[in-house]
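Source file: work-v1.cif (mmCIF, C-alpha atoms)
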data_work
#
loop_
_atom_site.label_atom_id
_atom_site.label_comp_id
_atom_site.auth_asym_id
_atom_site.auth_seq_id
_atom_site.Cartn_x
_atom_site.Cartn_y
_atom_site.Cartn_z
CA MET A 1 -5.56 -5.63 -29.59
CA PRO A 2 -8.62 -3.38 -29.12
CA GLU A 3 -10.15 -2.47 -25.80
CA VAL A 4 -12.79 -4.77 -24.34
CA VAL A 5 -16.14 -3.27 -23.33
CA LEU A 6 -18.37 -5.46 -21.17
CA GLU A 7 -21.84 -4.30 -20.24
CA ARG A 8 -23.53 -5.79 -17.18
CA GLY A 9 -25.17 -9.04 -18.24
CA ALA A 10 -22.49 -9.92 -20.80
CA ALA A 11 -21.07 -13.44 -20.59
CA ALA A 12 -17.59 -12.35 -19.47
CA TYR A 13 -18.77 -9.51 -17.22
CA GLU A 14 -18.86 -11.29 -13.86
CA GLN A 15 -15.42 -12.86 -14.26
CA ALA A 16 -13.98 -9.47 -15.25
CA ARG A 17 -15.65 -7.87 -12.22
CA ARG A 18 -14.15 -10.46 -9.86
CA ASP A 19 -10.74 -10.36 -11.52
CA ALA A 20 -10.62 -6.60 -10.96
CA VAL A 21 -10.29 -7.10 -7.17
CA TRP A 22 -7.32 -8.97 -5.66
CA ASN A 23 -9.20 -9.62 -2.43
CA GLY A 24 -11.07 -12.92 -2.66
CA ARG A 25 -13.98 -11.24 -0.85
CA THR A 26 -15.24 -9.37 -3.91
CA PRO A 27 -17.57 -6.52 -2.91
CA HIS A 28 -21.21 -6.77 -3.99
CA ARG A 29 -20.94 -3.72 -6.21
CA TYR A 30 -21.76 -3.82 -9.92
CA PRO A 31 -20.71 -1.19 -12.49
CA ASP A 32 -22.88 -0.73 -15.56
CA VAL A 33 -19.94 -1.31 -17.86
CA ILE A 34 -16.35 -2.58 -17.57
CA VAL A 35 -13.75 -1.28 -20.01
CA GLN A 36 -10.45 -3.14 -20.26
CA ALA A 37 -8.09 -0.63 -21.85
CA GLN A 38 -5.04 -1.76 -23.78
CA THR A 39 -3.52 1.64 -24.60
CA SER A 40 -3.68 5.27 -23.53
CA GLU A 41 -5.85 5.90 -26.60
CA ASP A 42 -8.32 3.37 -25.21
CA VAL A 43 -8.41 5.32 -21.97
CA ILE A 44 -9.21 8.55 -23.82
CA THR A 45 -12.00 6.75 -25.71
CA ALA A 46 -13.38 5.28 -22.48
CA VAL A 47 -13.46 8.64 -20.70
CA GLY A 48 -15.27 10.08 -23.72
CA LEU A 49 -17.82 7.26 -23.58
CA ALA A 50 -18.38 7.92 -19.88
CA ALA A 51 -18.97 11.60 -20.61
CA ARG A 52 -21.50 10.87 -23.36
CA LYS A 53 -23.43 8.44 -21.14
CA ASP A 54 -22.93 10.49 -17.98
CA LEU A 55 -21.17 7.65 -16.16
CA ARG A 56 -18.92 8.06 -13.14
CA ILE A 57 -15.58 6.23 -13.39
CA GLY A 58 -13.68 3.97 -11.01
CA VAL A 59 -10.10 3.18 -12.07
CA ARG A 60 -8.34 -0.13 -11.46
CA SER A 61 -4.60 -0.63 -12.03
CA GLY A 62 -3.32 -3.58 -9.97
CA GLY A 63 -6.59 -4.18 -8.15
CA HIS A 64 -4.85 -4.61 -4.80
CA SER A 65 -7.16 -2.24 -2.93
CA TRP A 66 -8.40 -4.39 -0.04
CA ALA A 67 -11.70 -2.53 -0.02
CA GLY A 68 -12.06 -2.56 -3.82
CA ASN A 69 -12.51 1.21 -3.88
CA HIS A 70 -12.50 1.21 -7.68
CA LEU A 71 -15.46 -1.20 -7.86
CA ARG A 72 -18.69 0.81 -7.52
CA ASP A 73 -22.37 0.36 -8.23
CA GLY A 74 -23.29 1.84 -11.58
CA GLY A 75 -21.03 3.84 -13.84
CA MET A 76 -17.85 2.54 -15.45
CA LEU A 77 -15.01 0.41 -14.15
CA LEU A 78 -12.00 1.42 -16.22
CA ASP A 79 -9.38 -1.33 -15.97
CA VAL A 80 -5.90 -0.11 -16.94
CA SER A 81 -3.99 -3.15 -15.64
CA ARG A 82 -2.90 -4.00 -19.19
CA LEU A 83 -0.98 -0.73 -19.44
CA ASP A 84 2.09 -2.41 -17.97
CA GLN A 85 4.97 -1.03 -19.99
CA LEU A 86 8.39 -0.39 -18.45
CA GLU A 87 11.02 1.75 -20.20
CA VAL A 88 14.30 2.23 -18.34
CA ASP A 89 17.00 4.80 -19.09
CA PRO A 90 19.98 3.45 -17.10
CA ASP A 91 22.20 6.45 -17.83
CA ALA A 92 19.63 9.01 -16.69
CA MET A 93 18.48 6.70 -13.85
CA THR A 94 14.84 7.19 -14.81
CA ALA A 95 11.98 4.99 -15.91
CA VAL A 96 8.56 5.36 -17.49
CA VAL A 97 6.14 2.76 -16.19
CA GLY A 98 2.50 1.92 -16.81
CA PRO A 99 -0.01 1.77 -13.95
CA GLY A 100 -0.46 -2.00 -14.25
CA PHE A 101 3.21 -2.92 -13.92
CA LYS A 102 4.06 -5.18 -10.96
CA GLY A 103 7.30 -6.00 -9.14
CA ILE A 104 9.26 -2.95 -10.23
CA ALA A 105 12.06 -3.33 -7.67
CA GLY A 106 12.90 -6.79 -8.99
CA ALA A 107 12.58 -5.73 -12.63
CA LEU A 108 15.28 -3.08 -12.15
CA GLN A 109 17.88 -5.48 -10.76
CA PRO A 110 19.48 -6.29 -14.16
CA TYR A 111 20.23 -2.57 -14.53
CA GLY A 112 21.80 -2.27 -11.08
CA LEU A 113 19.04 0.20 -10.25
CA PHE A 114 16.38 0.39 -7.56
CA PHE A 115 12.99 1.88 -6.81
CA PRO A 116 11.17 1.66 -3.45
CA GLY A 117 8.47 -0.60 -4.87
CA GLY A 118 5.72 -2.40 -2.98
CA HIS A 119 6.45 -5.25 -0.60
CA ASP A 120 4.13 -7.61 -2.47
CA LEU A 121 4.75 -8.71 -6.07
CA ASP A 122 1.00 -8.52 -6.78
CA VAL A 123 0.88 -4.75 -6.22
CA GLY A 124 0.52 -2.67 -9.39
CA VAL A 125 2.34 0.65 -9.36
CA GLY A 126 -0.74 2.75 -10.18
CA GLY A 127 -2.62 2.60 -6.91
CA TYR A 128 0.60 2.09 -4.97
CA LEU A 129 2.14 5.37 -6.13
CA LEU A 130 -1.06 7.39 -5.94
CA GLN A 131 -1.68 6.51 -2.29
CA GLY A 132 1.90 7.30 -1.22
CA GLY A 133 3.81 4.06 -1.58
CA PHE A 134 5.47 2.38 1.41
CA GLY A 135 7.98 -0.11 0.02
CA TRP A 136 11.47 -1.50 0.26
CA ASN A 137 13.93 1.04 1.67
CA GLY A 138 11.09 3.52 2.04
CA ARG A 139 12.73 4.85 5.20
CA VAL A 140 15.66 5.93 3.02
CA HIS A 141 13.83 7.22 -0.06
CA GLY A 142 10.58 8.29 1.58
CA PRO A 143 7.11 7.42 0.30
CA ALA A 144 7.52 6.23 -3.28
CA CYS A 145 5.33 9.04 -4.61
CA MET A 146 8.22 11.40 -3.78
CA SER A 147 10.16 9.74 -6.62
CA VAL A 148 7.42 10.39 -9.19
CA GLU A 149 8.78 13.25 -11.31
CA ALA A 150 5.89 13.47 -13.79
CA ILE A 151 2.72 11.72 -14.89
CA ASP A 152 0.84 11.32 -18.16
CA VAL A 153 -2.81 11.57 -17.21
CA VAL A 154 -6.19 11.59 -18.97
CA THR A 155 -8.39 14.23 -17.35
CA GLY A 156 -12.15 14.33 -16.96
CA ASP A 157 -12.62 16.03 -20.33
CA GLY A 158 -10.72 13.24 -22.10
CA GLU A 159 -7.51 15.23 -22.63
CA LEU A 160 -4.11 13.53 -22.26
CA VAL A 161 -1.74 15.89 -20.45
CA HIS A 162 1.80 15.68 -19.13
CA ALA A 163 2.04 16.96 -15.56
CA ASP A 164 5.36 17.84 -13.95
CA GLU A 165 6.71 20.61 -11.74
CA HIS A 166 6.35 23.14 -14.57
CA HIS A 167 3.19 22.02 -16.40
CA HIS A 168 -0.08 21.14 -14.67
CA SER A 169 1.90 21.05 -11.45
CA ASP A 170 -1.28 20.88 -9.38
CA LEU A 171 -2.08 17.52 -10.95
CA LEU A 172 1.35 16.17 -10.01
CA TRP A 173 0.92 17.53 -6.47
CA ALA A 174 -2.46 15.78 -6.21
CA ALA A 175 -1.20 12.50 -7.68
CA ARG A 176 1.41 12.27 -4.93
CA GLY A 177 -0.81 10.98 -2.16
CA SER A 178 -4.51 11.35 -3.05
CA GLY A 179 -4.86 7.62 -3.72
CA PRO A 180 -8.29 6.45 -4.91
CA GLY A 181 -9.51 10.04 -4.67
CA PHE A 182 -7.38 11.11 -7.65
CA PHE A 183 -9.45 12.75 -10.39
CA GLY A 184 -7.88 11.41 -13.57
CA VAL A 185 -6.45 8.28 -15.16
CA VAL A 186 -2.67 8.02 -14.99
CA VAL A 187 -1.42 6.09 -18.03
CA ALA A 188 2.30 6.50 -17.27
CA PHE A 189 4.48 7.45 -14.32
CA HIS A 190 7.91 9.03 -14.85
CA LEU A 191 10.17 7.86 -12.02
CA ARG A 192 13.49 8.83 -10.52
CA LEU A 193 15.59 5.72 -9.84
CA TYR A 194 18.43 4.96 -7.41
CA GLN A 195 21.49 2.77 -7.22
CA ALA A 196 20.53 -0.71 -6.10
CA PRO A 197 21.70 -1.85 -2.66
CA LYS A 198 24.66 -4.19 -3.13
CA HIS A 199 23.94 -6.30 -0.07
CA ILE A 200 20.68 -7.42 1.54
CA ALA A 201 20.55 -9.04 4.96
CA SER A 202 17.76 -9.88 7.35
CA SER A 203 17.32 -10.85 10.97
CA LEU A 204 14.39 -12.58 12.66
CA LEU A 205 13.33 -13.16 16.24
CA ARG A 206 10.28 -15.04 17.46
CA PHE A 207 8.85 -14.61 20.96
CA PRO A 208 5.91 -15.98 22.96
CA PHE A 209 3.19 -13.39 23.35
CA GLU A 210 3.44 -13.70 27.13
CA ILE A 211 6.42 -11.31 27.08
CA ALA A 212 4.71 -8.81 24.72
CA GLU A 213 5.21 -5.93 27.15
CA ASP A 214 8.96 -6.50 27.26
CA VAL A 215 9.23 -6.95 23.49
CA PHE A 216 7.31 -3.82 22.55
CA ARG A 217 9.07 -1.69 25.16
CA TRP A 218 12.48 -2.86 23.93
CA VAL A 219 11.53 -2.16 20.30
CA GLN A 220 10.47 1.39 21.13
CA GLU A 221 13.72 1.94 23.01
CA VAL A 222 15.93 0.69 20.19
CA THR A 223 14.17 2.07 17.10
CA PRO A 224 15.46 5.66 17.42
CA THR A 225 19.00 4.28 17.02
CA LEU A 226 18.32 2.23 13.89
CA ALA A 227 19.91 2.97 10.53
CA ARG A 228 17.38 4.25 8.00
CA GLU A 229 18.15 1.17 5.88
CA VAL A 230 16.63 -1.11 8.52
CA GLU A 231 12.91 -1.84 8.21
CA LEU A 232 11.85 -3.24 11.57
CA SER A 233 8.42 -4.83 11.90
CA LEU A 234 6.68 -6.85 14.58
CA PHE A 235 3.93 -9.30 13.60
CA VAL A 236 1.45 -10.58 16.16
CA HIS A 237 -0.04 -13.79 14.75
CA ARG A 238 -1.04 -17.31 15.74
CA ASN A 239 1.44 -20.20 15.63
CA GLU A 240 0.78 -23.73 14.40
CA ASN A 241 -0.95 -24.50 17.71
CA GLY A 242 -3.21 -21.49 17.45
CA GLU A 243 -1.44 -19.55 20.20
CA PRO A 244 -0.51 -15.88 19.72
CA GLU A 245 3.18 -15.09 19.27
CA ILE A 246 5.37 -12.24 18.06
CA THR A 247 7.74 -12.35 15.09
CA LEU A 248 10.29 -9.56 14.56
CA THR A 249 11.68 -9.09 11.07
CA ALA A 250 14.47 -6.65 10.27
CA PRO A 251 15.70 -6.55 6.66
CA ALA A 252 18.56 -4.17 5.83
CA LEU A 253 19.18 -3.09 2.23
CA VAL A 254 22.73 -1.72 2.31
CA ASP A 255 25.98 -1.80 0.31
CA SER A 256 28.18 -4.26 2.19
CA ALA A 257 28.19 -7.10 4.69
CA THR A 258 29.98 -4.78 7.10
CA GLU A 259 27.17 -2.23 6.91
CA ALA A 260 24.62 -4.98 7.44
CA ALA A 261 26.43 -6.28 10.51
CA GLU A 262 26.50 -2.81 12.02
CA ALA A 263 22.89 -2.07 11.14
CA LEU A 264 21.59 -5.35 12.57
CA ALA A 265 23.83 -5.57 15.64
CA PHE A 266 20.90 -4.52 17.81
CA VAL A 267 19.31 -7.94 17.23
CA SER A 268 22.18 -9.91 18.77
CA GLU A 269 22.24 -7.36 21.62
CA CYS A 270 18.55 -7.84 22.42
CA PRO A 271 18.21 -8.44 26.20
CA LEU A 272 15.32 -10.86 25.56
CA LEU A 273 17.19 -13.49 23.54
CA ALA A 274 16.94 -16.04 26.36
CA ASN A 275 13.15 -15.96 25.87
CA ALA A 276 13.24 -16.19 22.07
CA LEU A 277 11.63 -19.17 20.35
CA GLU A 278 13.73 -18.61 17.23
CA ILE A 279 16.80 -16.50 16.44
CA VAL A 280 18.02 -15.80 12.89
CA PRO A 281 20.76 -13.16 13.11
CA ASN A 282 22.09 -11.24 10.11
CA SER A 283 21.55 -13.69 7.26
CA GLU A 284 22.33 -12.67 3.69
CA VAL A 285 19.17 -12.85 1.53
CA SER A 286 17.96 -11.80 -1.89
CA LEU A 287 15.17 -9.44 -2.86
CA SER A 288 13.24 -12.51 -3.99
CA ASP A 289 13.60 -13.93 -0.47
CA LEU A 290 12.10 -10.74 0.96
CA TYR A 291 9.16 -10.94 -1.43
CA ALA A 292 8.61 -14.61 -0.53
CA GLY A 293 8.57 -13.79 3.19
CA VAL A 294 5.88 -11.16 2.69
CA ALA A 295 3.79 -13.42 0.44
CA GLY A 296 3.37 -15.90 3.28
CA PHE A 297 1.24 -13.40 5.19
CA TYR A 298 -0.88 -12.42 2.17
CA PRO A 299 -1.91 -15.56 0.22
CA THR A 300 -3.48 -14.99 -3.18
CA GLY A 301 -7.18 -15.82 -3.34
CA ALA A 302 -7.82 -15.47 0.38
CA ARG A 303 -10.54 -13.26 1.85
CA TYR A 304 -9.35 -10.09 3.59
CA ALA A 305 -10.55 -7.35 5.90
CA VAL A 306 -8.03 -4.63 6.82
CA ASP A 307 -7.68 -1.44 8.86
CA ASN A 308 -4.79 0.64 10.16
CA MET A 309 -3.49 3.64 12.08
CA TRP A 310 -0.50 5.93 12.46
CA THR A 311 0.61 6.67 16.00
CA HIS A 312 3.40 7.98 18.21
CA ALA A 313 1.85 6.57 21.39
CA ARG A 314 4.06 4.76 23.86
CA ALA A 315 4.03 0.96 24.07
CA SER A 316 2.36 1.13 27.47
CA GLU A 317 -0.58 3.02 25.92
CA LEU A 318 -0.87 0.67 22.95
CA LEU A 319 -0.49 -2.64 24.78
CA PRO A 320 -4.11 -2.94 26.01
CA GLY A 321 -5.31 -2.71 22.42
CA ILE A 322 -2.57 -5.05 21.20
CA ARG A 323 -3.55 -7.63 23.81
CA LYS A 324 -7.17 -7.43 22.63
CA ILE A 325 -5.95 -7.94 19.07
CA ALA A 326 -3.97 -11.02 20.12
CA GLU A 327 -6.91 -12.45 22.07
CA THR A 328 -9.31 -12.10 19.14
CA LEU A 329 -6.98 -12.89 16.19
CA PRO A 330 -8.52 -14.98 13.43
CA PRO A 331 -6.41 -18.00 12.41
CA TYR A 332 -2.98 -17.65 10.74
CA PRO A 333 -2.01 -15.80 8.59
CA SER A 334 -4.18 -13.08 10.12
CA ALA A 335 -1.88 -10.66 11.88
CA MET A 336 -1.22 -7.29 13.39
CA MET A 337 1.80 -5.49 11.94
CA TRP A 338 3.76 -2.90 13.93
CA ASN A 339 6.19 -1.12 11.61
CA HIS A 340 8.77 1.43 12.69
CA TRP A 341 8.52 4.19 10.09
CA GLY A 342 9.93 7.25 11.82
CA GLY A 343 8.77 9.59 9.08
CA ASP A 344 10.55 12.91 8.62
CA ALA A 345 7.95 15.41 7.41
CA SER A 346 10.60 18.14 7.11
CA SER A 347 12.23 16.24 4.23
CA ARG A 348 9.06 15.92 2.14
CA PRO A 349 8.42 17.98 -1.00
CA PRO A 350 5.06 19.72 -1.49
CA MET A 351 2.53 16.96 -2.18
CA ALA A 352 -0.93 15.80 -1.18
CA PHE A 353 0.55 13.07 1.01
CA SER A 354 0.73 14.64 4.45
CA VAL A 355 -0.08 12.13 7.22
CA GLU A 356 2.59 9.85 8.70
CA ASP A 357 4.05 9.17 12.14
CA GLU A 358 6.63 7.19 14.11
CA THR A 359 4.75 3.90 14.11
CA TYR A 360 2.45 2.27 11.59
CA LEU A 361 0.03 -0.31 12.97
CA ALA A 362 -2.21 -2.41 10.72
CA VAL A 363 -4.49 -5.38 11.29
CA TYR A 364 -5.16 -7.98 8.60
CA GLY A 365 -7.97 -10.49 8.89
CA VAL A 366 -7.35 -13.39 6.49
CA TRP A 367 -9.62 -16.39 5.91
CA ASN A 368 -10.79 -18.68 3.10
CA ASP A 369 -14.35 -19.79 3.81
CA PRO A 370 -17.13 -17.36 2.78
CA ALA A 371 -19.12 -18.73 5.71
CA ASP A 372 -16.66 -16.94 8.02
CA ASP A 373 -17.31 -13.50 6.50
CA GLU A 374 -19.74 -12.44 9.19
CA ARG A 375 -17.37 -13.69 11.89
CA TYR A 376 -14.21 -11.95 10.71
CA ALA A 377 -15.12 -9.09 8.35
CA THR A 378 -15.55 -6.46 11.07
CA TRP A 379 -12.64 -7.61 13.25
CA PRO A 380 -10.03 -5.09 11.97
CA GLU A 381 -12.50 -2.21 12.14
CA GLU A 382 -13.50 -3.06 15.71
CA ARG A 383 -9.90 -3.26 16.91
CA MET A 384 -8.95 0.06 15.29
CA ARG A 385 -12.03 1.83 16.64
CA GLU A 386 -10.97 0.77 20.14
CA MET A 387 -7.51 2.31 19.60
CA ALA A 388 -8.60 5.37 17.62
CA HIS A 389 -7.87 7.73 20.53
CA LEU A 390 -4.16 6.90 20.04
CA SER A 391 -4.21 7.40 16.27
CA THR A 392 -2.99 10.42 14.30
CA GLY A 393 -4.46 9.16 11.03
CA ILE A 394 -4.40 6.30 8.56
CA GLN A 395 -2.53 5.19 5.46
CA LEU A 396 -4.53 4.84 2.25
CA ALA A 397 -2.81 1.58 1.30
CA ASP A 398 -4.77 -0.25 4.01
CA GLU A 399 -7.77 2.06 4.11
CA ASN A 400 -11.21 1.10 5.37
CA LEU A 401 -12.91 4.43 4.72
CA GLY A 402 -16.14 2.83 3.55
CA ARG A 403 -16.71 1.59 7.11
CA ARG A 404 -14.51 3.77 9.33
CA PRO A 405 -13.77 7.36 8.27
CA ALA A 406 -10.37 8.60 9.40
CA ARG A 407 -7.83 11.33 8.65
CA PHE A 408 -5.56 10.45 5.71
CA VAL A 409 -4.33 13.89 4.59
CA SER A 410 -4.05 17.16 6.43
CA ASP A 411 -7.07 19.47 6.48
CA GLU A 412 -5.16 22.02 4.43
CA ASN A 413 -4.27 19.47 1.74
CA LEU A 414 -7.79 18.07 1.63
CA ALA A 415 -9.12 21.56 0.94
CA ARG A 416 -6.56 22.03 -1.84
CA LEU A 417 -7.48 18.65 -3.35
CA ASP A 418 -11.11 19.74 -3.48
CA GLU A 419 -10.12 22.97 -5.22
CA ILE A 420 -7.98 21.19 -7.82
CA ARG A 421 -10.69 18.59 -8.39
CA ALA A 422 -13.20 21.35 -9.13
CA ARG A 423 -10.90 22.66 -11.88
CA TYR A 424 -9.85 19.37 -13.50
CA ASP A 425 -13.02 17.34 -12.96
CA PRO A 426 -15.90 19.84 -12.63
CA ALA A 427 -18.45 17.23 -13.74
CA GLY A 428 -17.38 14.85 -10.96
CA ARG A 429 -16.55 12.20 -13.54
CA PHE A 430 -14.24 10.24 -11.23
CA HIS A 431 -15.26 8.55 -8.01
CA SER A 432 -13.57 9.86 -4.88
CA TRP A 433 -12.83 8.04 -1.64
CA MET A 434 -15.62 5.80 -0.39
CA ALA A 435 -17.87 7.32 2.22
CA SER A 436 -18.87 5.43 5.33
CA THR A 437 -21.82 3.11 4.91
CA LYS A 438 -22.76 3.53 8.58
#
Rendering of file as C-alpha cells:
Amino acid sequence: MPEVVLERGAAAYEQARRDAVWNGRTPHRYPDVIVQAQTSEDVITAVGLAARKDLRIGVRSGGHSWAGNHLRDGGMLLDVSRLDQLEVDPDAMTAVVGPGFKGIAGALQPYGLFFPGGHDLDVGVGGYLLQGGFGWNGRVHGPACMSVEAIDVVTGDGELVHADEHHHSDLLWAARGSGPGFFGVVVAFHLRLYQAPKHIASSLLRFPFEIAEDVFRWVQEVTPTLAREVELSLFVHRNENGEPEITLTAPALVDSATEAAEALAFVSECPLLANALEIVPNSEVSLSDLYAGVAGFYPTGARYAVDNMWTHARASELLPGIRKIAETLPPYPSAMMWNHWGGDASSRPPMAFSVEDETYLAVYGVWNDPADDERYATWPEERMREMAHLSTGIQLADENLGRRPARFVSDENLARLDEIRARYDPAGRFHSWMASTK
C-alpha cells in the first residue's frame, strides 16, 4: 500500500490531523501537508519531498504526546504509526520493532520475554523510547531507552543509516533521551529483552485526604527499603462524591509468590491501616490487569492538560503544594501522581537522558466538554509553577514545554545535542522541542 499524502484542504486532511494526536484536545496547529508512511522507503521519500519544498518536519509515531509536539503550523507532519512491525529473536533475547508498535510488554508474553514498555497500551514505542521510557519494572531495568541497542534512522539528508555503539554512535546517544527534539526519523528500534517476571502481584490502599500528611510521610520513610521490583505510586484524585482522597498502588513484578509477599509486606505493616478506606493486600494479578488499572485514569478521547516535576524534596516541603492540588482538582479522573522512582544515575550508560530524581510528581487534568477548556487547561501548569522551587527538572513524557520551560536534560548534554544536531541536520529540517508561547 503506497504512502498517503494529504495537503491542507484535502477531504481527509482534518481527520488525519486529529487522529495524529491522542489527546482529545487537538491543538490548533495546521501543517501544510500530512504524509502517512507505510514503509521506511516512504519515510525516505517524504524527507526528500520536505527538502525539495523546504518544509520542516514533525514526526508522529503513537501520537501520545499530550502537548502534540509533532503537530506544528506549516511544514510536514510525517506519520510513521503504520510502521508497527515486531520481529522477536527468542534465542538472542532481542527484538526489532517499528515506532508505531503498541503494547510491547504484552506482545512478548508468548515468548516468556519482557521489555519495560509503557504503562498505557495506547503508547507507541517511538516517542516512548526517544523520551526515555518509564514503564513496567523500570526501577529494575532503568529507563527503557537504556535497552535500545541500535536504531535504523532516516537523517535530514534522506539517508537511512544504522546507528549503534560502533557506527553513528552519536545518533544512538541522542536517541536515548532527546524525545521530540530528536533530529531524524527512527524507522526501527533494536531492543535488548529480558526474562519475563513469573509472578505479578499488586497491593492497594485508599485513604481520606484528611490524613495526607501522615500518608506522604510514611511513604517517604518506607520507600528506601522497597525492592526495586515494587513500583509504588500515590494518586490524589476525587472520589464518587467529589471529595479528594489518596490511592496507593504497589505492583510487584517478580518470580514467585514468596518474593511478592516479601516485597509487599510493607503494605500490611502500614501504621495507618485503621484509617484506610480500602485495603487490598498482595493480590495476584496479570499484566492485563495492570494495564486495565492504568487505563481507568487515562480514558481514550478525553481532553488533557499535563505537567510534571522531578524532586527529592521532603514530604513536609511538598505538602503545601499537594494540598493546593487537592483543593483545585478537576473532576475524576483528574489526578496528581506521586511515583517513587529512586533513580540511580551511576548505573546509566552514556546517553542524552540525564535528568531524574527520587520522586516523580505529575498532574493530569482530564475532562470531556470543550467548554471547560478555559477552566482546566492551565491547571497543571499553575500547580507546577507554584512548586517549581522544589523541582530538579521534568520528564519529557509529560512535558509542557510550550507553556512552561523547564530543565529536561543536563546543560552538558543539551550542548552536545546541539552539536550533533548541527552535523546531522544542518538545514534544521526537523522540529525541536516546543518553545514557550508566553
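For the residues A:Met93, A:Leu6, A:Met146, A:Ala105, ranking by smallest atom-to-atom distance to Asp120 of chain A using all atoms listed in the file places A:Ala105 first.
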Going by the chain IDs and residue numbers used in this file, which residues fall under the PyMOL selection byres ((chain A and resi 133) around 12)? Write them as a PDB file with C-alpha atoms, in the frame of the given file.
ATOM      1  CA  PHE A 115      12.990   1.880  -6.810  1.00  0.00           C
ATOM      2  CA  PRO A 116      11.170   1.660  -3.450  1.00  0.00           C
ATOM      3  CA  GLY A 117       8.470  -0.600  -4.870  1.00  0.00           C
ATOM      4  CA  GLY A 118       5.720  -2.400  -2.980  1.00  0.00           C
ATOM      5  CA  HIS A 119       6.450  -5.250  -0.600  1.00  0.00           C
ATOM      6  CA  ASP A 120       4.130  -7.610  -2.470  1.00  0.00           C
ATOM      7  CA  VAL A 123       0.880  -4.750  -6.220  1.00  0.00           C
ATOM      8  CA  GLY A 124       0.520  -2.670  -9.390  1.00  0.00           C
ATOM      9  CA  VAL A 125       2.340   0.650  -9.360  1.00  0.00           C
ATOM     10  CA  GLY A 126      -0.740   2.750 -10.180  1.00  0.00           C
ATOM     11  CA  GLY A 127      -2.620   2.600  -6.910  1.00  0.00           C
ATOM     12  CA  TYR A 128       0.600   2.090  -4.970  1.00  0.00           C
ATOM     13  CA  LEU A 129       2.140   5.370  -6.130  1.00  0.00           C
ATOM     14  CA  LEU A 130      -1.060   7.390  -5.940  1.00  0.00           C
ATOM     15  CA  GLN A 131      -1.680   6.510  -2.290  1.00  0.00           C
ATOM     16  CA  GLY A 132       1.900   7.300  -1.220  1.00  0.00           C
ATOM     17  CA  PHE A 134       5.470   2.380   1.410  1.00  0.00           C
ATOM     18  CA  GLY A 135       7.980  -0.110   0.020  1.00  0.00           C
ATOM     19  CA  TRP A 136      11.470  -1.500   0.260  1.00  0.00           C
ATOM     20  CA  ASN A 137      13.930   1.040   1.670  1.00  0.00           C
ATOM     21  CA  GLY A 138      11.090   3.520   2.040  1.00  0.00           C
ATOM     22  CA  ARG A 139      12.730   4.850   5.200  1.00  0.00           C
ATOM     23  CA  HIS A 141      13.830   7.220  -0.060  1.00  0.00           C
ATOM     24  CA  GLY A 142      10.580   8.290   1.580  1.00  0.00           C
ATOM     25  CA  PRO A 143       7.110   7.420   0.300  1.00  0.00           C
ATOM     26  CA  ALA A 144       7.520   6.230  -3.280  1.00  0.00           C
ATOM     27  CA  CYS A 145       5.330   9.040  -4.610  1.00  0.00           C
ATOM     28  CA  MET A 146       8.220  11.400  -3.780  1.00  0.00           C
ATOM     29  CA  SER A 147      10.160   9.740  -6.620  1.00  0.00           C
ATOM     30  CA  VAL A 148       7.420  10.390  -9.190  1.00  0.00           C
ATOM     31  CA  ALA A 175      -1.200  12.500  -7.680  1.00  0.00           C
ATOM     32  CA  ARG A 176       1.410  12.270  -4.930  1.00  0.00           C
ATOM     33  CA  GLY A 177      -0.810  10.980  -2.160  1.00  0.00           C
ATOM     34  CA  SER A 178      -4.510  11.350  -3.050  1.00  0.00           C
ATOM     35  CA  GLY A 179      -4.860   7.620  -3.720  1.00  0.00           C
ATOM     36  CA  PHE A 353       0.550  13.070   1.010  1.00  0.00           C
ATOM     37  CA  GLU A 356       2.590   9.850   8.700  1.00  0.00           C
ATOM     38  CA  GLN A 395      -2.530   5.190   5.460  1.00  0.00           C
ATOM     39  CA  LEU A 396      -4.530   4.840   2.250  1.00  0.00           C
ATOM     40  CA  ALA A 397      -2.810   1.580   1.300  1.00  0.00           C
ATOM     41  CA  ASP A 398      -4.770  -0.250   4.010  1.00  0.00           C
TER      42      ASP A 398
END
Distance criterion (only C-alpha atoms): nearest to Ala313 of chain A out of A:Trp433, A:Asp91, A:Thr359, A:Arg72: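 Checking each of A:Trp433, A:Asp91, A:Thr359, A:Arg72 against Ala313 of chain A, counting only C-alpha atoms, the winner is A:Thr359.
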Residues selected by the PyMOL selection byres ((chain A and resi 357) around 12), written as a list of chain:residue names: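 Those residues are A:Arg139, A:Met309, A:Trp310, A:Thr311, A:His312, A:Ala313, A:Asn339, A:His340, A:Trp341, A:Gly342, A:Gly343, A:Asp344, A:Ala345, A:Ser354, A:Val355, A:Glu356, A:Glu358, A:Thr359, A:Tyr360, A:Leu361, A:Leu390, A:Ser391, A:Thr392, A:Gly393, A:Ile394, A:Gln395, A:Phe408.
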Nearest-residue call for Asp164 of chain A, choices A:Val306, A:Cys270, A:Leu191, A:Val97, using only C-alpha atoms: A:Leu191
Point-to-point distance from atom CA of Asp84 of chain A to atom CA of His431 of chain A, Å rounded to tenths: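 Calculated distance between atom CA of Asp84 of chain A and atom CA of His431 of chain A is 22.8 Å.
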Shell of 7 Å around Ala196 of chain A, only C-alpha atoms, local chain residues under 6 positions omitted, as a PyMOL selection string: chain A and resi 112-114
Residue nearest Arg52 of chain A - candidates A:Arg429, A:Arg217, A:His64, A:His166, atoms counted: all atoms listed in the file: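 Distance minimum relative to Arg52 of chain A lands on A:Arg429.
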Spatial neighbours of Val35 of chain A, max dist 12 Å, only C-alpha atoms, sep filter under 6 positions, as a ChimeraX atom specification: /A:2-8,12-13,16-17,20,42-47,49-50,57-60,75-82
